[in-house]
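**Q** To start, I am sharing the structure in question, which I have written as structure tokens.
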Amino acid sequence: MPLTGPEPRLKPGQAVISRVWSRGGKRVLRTRKPAKRAKGRMPAGRPSRAAPRRKTRIELIFRFLFGGRAKKQKRKARAGGKRSAAGSFFYWGGVAGVWAAIILAGLVAYVTLTMPPSTLANIKKRPPNVTLVASDGTVLAERGLRRGYIRLARMPPHLINAVLATEDRRFRSHFGVDPIGLVRAMAKNVQAGAVVEGGSTITQQLAKNVFLTPERTITRKFQEVILALWLEMHLSKDEILELYLNRVYFGAGTYGVEAAAKRYFGKSARNVSLPEAALLAGLLKAPSRYAPTRNPRRAEERASVVLTNMVSAKLLAPRQAMAAISQPATVRSPSGLTGYEYAADWVVEILPGLLSEWKSDVIVEVTIDPALQRKAQELVNATMTDQGPAREAGQAAALVLDTKGAIKALVGGKSYRESQFNRMVKARRQPGSAFKPFVYLAALESGLTPDTLIDDGPVNINGWRPRNYKKGFRGAITMRDALAQSINTVAVRLTMEAGRWRVARTARRLGIESDIHENPSLALGTAEVTLLELVSAYAPFANGGYRAVPHIVNRIRTAKGKTIYQRRTLGRPRAIAPVYVGAMNEMMREVMVSGTGKRAALSDRPSAGKTGTTQNFRDAWFVGYTANYVAGVWVGNDDGTPMKNVTGGSLPAQIWKSIMTEAHRRKRPAPLPGTSMPA
């Protein structure tokens, strides 16, 4: 029988009997819990809410991916449960990881689908070579950019192991990107407070070498990662490693391990010894820094690091490493020199910045004057060989530009056979008094004149007391005479008068690109510069006041004659007003007539310039010009040791005069801009 009577009040969670019946002589009770009233439900008698909105496709996909988890969390919330902080972190981290994987897969698919079908064939082709041609058609060099392709199977195992142990120890196991390596690199960079390790795999380096420009941006790094994944999908590990070793830069103008082995050791990469393999592998981190042609000791130390890495990676026995360290590789001196080597090396180095990519052999037309180039190298070598030892001067560099900035001759060192380091473009040294023309120009622009009297007397700036080269003081002296005699105290006073910021700005405006400090000693040339930028910064004095950008490449064409690069000759910005050009040329001409540069004076035409000598005779300079050419010479020692009384007016002035005499053999004399021909 059904129960009758009013329903009793129930305690929370208490069941109510909904039905009673008999089963096998036993009374059976079915119970139910009272239904909970949904939160926000409309009271009886009121109209119900509208039907729920139909979910969109995107919402259904999201619910499919994450809905189940969300429902569970909602049920926990209703039951009074709360998600822990750790749980939230792992949950949302998982969500982010899934979406990151989806986006990454989409990008890889996009890159794969949009990559030209011929890409694989192109990257397996023999990389192009380069021929350097002067403006008169003379072939200066056939410096094969990547001459000599060698199969991986023909390379000795210790060469391959040296590269893997140093550049990418997990190359055989990762998928193109090494997360462990990236985390380690990030940790080292944070610890050092600077970028000391890149974390790029060999596959990433190949992607950068084949497809991308040298710029260092986040976008380019992301492209590098995507392309590395693409390469891993289409090439085997051995193919990637073989392409990498045949394309990567090894310094001294060589690309590819075969060209590097022939350049440094005079042999094929198939025959390099363990010490030689370690040296080659060590170059990959920073070819210019560790090149044995630039710094043999640093290259040897780097090779020892490579051998230690091989032991750590269990690719070499400790006793073998110790034997190789005790017998380091010997670098071969190049033979058959032509005099164009420094120029050829530099052109090959800057070529990737001019062409993003090229698929065939190219012919590079350069600005070099072949006869002047050979003569300049010969004169530097002869002078330094004859007089350098007695003056304890070991090296020299020289540069000749036309007044528009075209490089006509460059000498990177006394002898290319002895050292392939190009001091003209890579060595930063203090210019000494050769910096003073920028001080005097700033003074003229602030209202002074060449005849303004300045006191040559003691100067004390917060305890710093500059002295003149010749002891003593002269009292009141004109700016013209002070520049001619290179009076230090006057240069310091002019800098304080015009403002150090104005002097630095003037130097930058004319072409100095190195960092320039604004300390009081700036007036005496204590900010380091290269010979290339110092000579180019003198060019506005020679050409009437226009900025001259130094350049060595005019045009690049394919073997079939198609031009793929042409230097643009846009309008040159004015750097100096004409009135100041004339005033500066008058003052610097006096340097050659009665001042410190008398030994450099040319007998048949007007010339102007400035000497420079740094403290303790560590550096000696002469930079000067005519209406046709601008030239500069530096003399010193690579390690900065003092020379024996070598000033800018001695060896540098002598070399400058010899080179400029040769350069002007068929040039008619002309006055300097803003001046007249001397009587």
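Residue names in the structure tokens use chain letters A, B, ... in the order shown, residue numbers from 1 in each chain, and ligand numbers from 1 in the order shown.
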Fewer than 5 positions away in the same chain doesn't count, so skip those; otherwise give me all residues within 9 Å of Gly282 of chain A, counting only C-alpha atoms, as a PyMOL selection string.

**A** chain A and resi 162-163+166-167+277+287+290-291+299-300+302-306

**Q** Taking 2 positions as the minimum chain separation for residues in the same chain, which residues sit within 8 Å of Leu140 of chain A when counting only C-alpha atoms? Answer as a count of residues only.

**A** 9

**Q** Would you mind listing what lies within 10 Å of Phe473 of chain A as a list of chain:residue names, with only C-alpha atoms counted and same-chain residues fewer than 5 positions away left out?

**A** A:Asp455, A:Asp456, A:Gly457, A:Pro458, A:Arg467, A:Asn468, A:Ile487, A:Thr489

**Q** Restricting it to C-alpha atoms, dump the selection as an mmCIF file, in the first residue's frame.

**A**
data_model
loop_
_atom_site.group_PDB
_atom_site.id
_atom_site.type_symbol
_atom_site.label_atom_id
_atom_site.label_comp_id
_atom_site.auth_asym_id
_atom_site.auth_seq_id
_atom_site.Cartn_x
_atom_site.Cartn_y
_atom_site.Cartn_z
ATOM 1 C CA ASP A 455 97.349 80.482 -24.469
ATOM 2 C CA ASP A 456 99.914 77.699 -24.495
ATOM 3 C CA GLY A 457 100.306 77.412 -20.752
ATOM 4 C CA PRO A 458 99.765 74.907 -17.938
ATOM 5 C CA ARG A 467 102.065 68.230 -21.439
ATOM 6 C CA ASN A 468 103.472 69.115 -24.840
ATOM 7 C CA ILE A 487 100.629 71.842 -29.215
ATOM 8 C CA THR A 489 97.647 72.334 -24.292
#

**Q** Out of A:Asp345, A:Glu590, A:Asp361, A:Glu528, which residue has the shortest atom-to-atom distance to Phe421 of chain A when counting only C-alpha atoms?

**A** A:Asp345

**Q** DSSP says strand (DSSP E or B) for which residues of segment 327-432 of chain A? Put them as an MDAnalysis selection string?

**A** chainID A and resid 362:366 395:402 406:411 429

**Q** Limited to C-alpha atoms, could you put the picked residues into a file as a short mmCIF file (atom, residue, chain, number, x, y, z; two decimals), in the first residue's frame?

**A**
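Writing done, so here's again.cif:
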data_model
loop_
_atom_site.label_atom_id
_atom_site.label_comp_id
_atom_site.auth_asym_id
_atom_site.auth_seq_id
_atom_site.Cartn_x
_atom_site.Cartn_y
_atom_site.Cartn_z
CA VAL A 362 80.35 35.77 -59.60
CA ILE A 363 82.80 38.40 -60.83
CA VAL A 364 83.42 41.26 -58.41
CA GLU A 365 84.63 44.54 -59.90
CA VAL A 366 86.66 46.39 -57.27
CA GLN A 395 104.08 46.33 -38.14
CA ALA A 396 102.54 48.93 -40.44
CA ALA A 397 99.34 49.50 -42.39
CA ALA A 398 98.48 51.91 -45.20
CA LEU A 399 95.41 53.05 -47.12
CA VAL A 400 94.81 55.23 -50.19
CA LEU A 401 91.36 56.58 -51.16
CA ASP A 402 90.24 58.87 -53.91
CA ALA A 406 86.95 54.58 -53.44
CA ILE A 407 89.80 52.45 -52.08
CA LYS A 408 92.76 52.46 -54.47
CA ALA A 409 95.28 50.60 -52.33
CA LEU A 410 95.27 48.95 -48.93
CA VAL A 411 98.05 47.34 -46.97
CA ARG A 429 94.32 52.09 -31.97
#

**Q** If I take atom CA of Arg154 of chain A and atom CA of Arg270 of chain A, how far is one from the other in Å, to one decimal?

**A**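 Distance between the two atoms: 6.0 Å.
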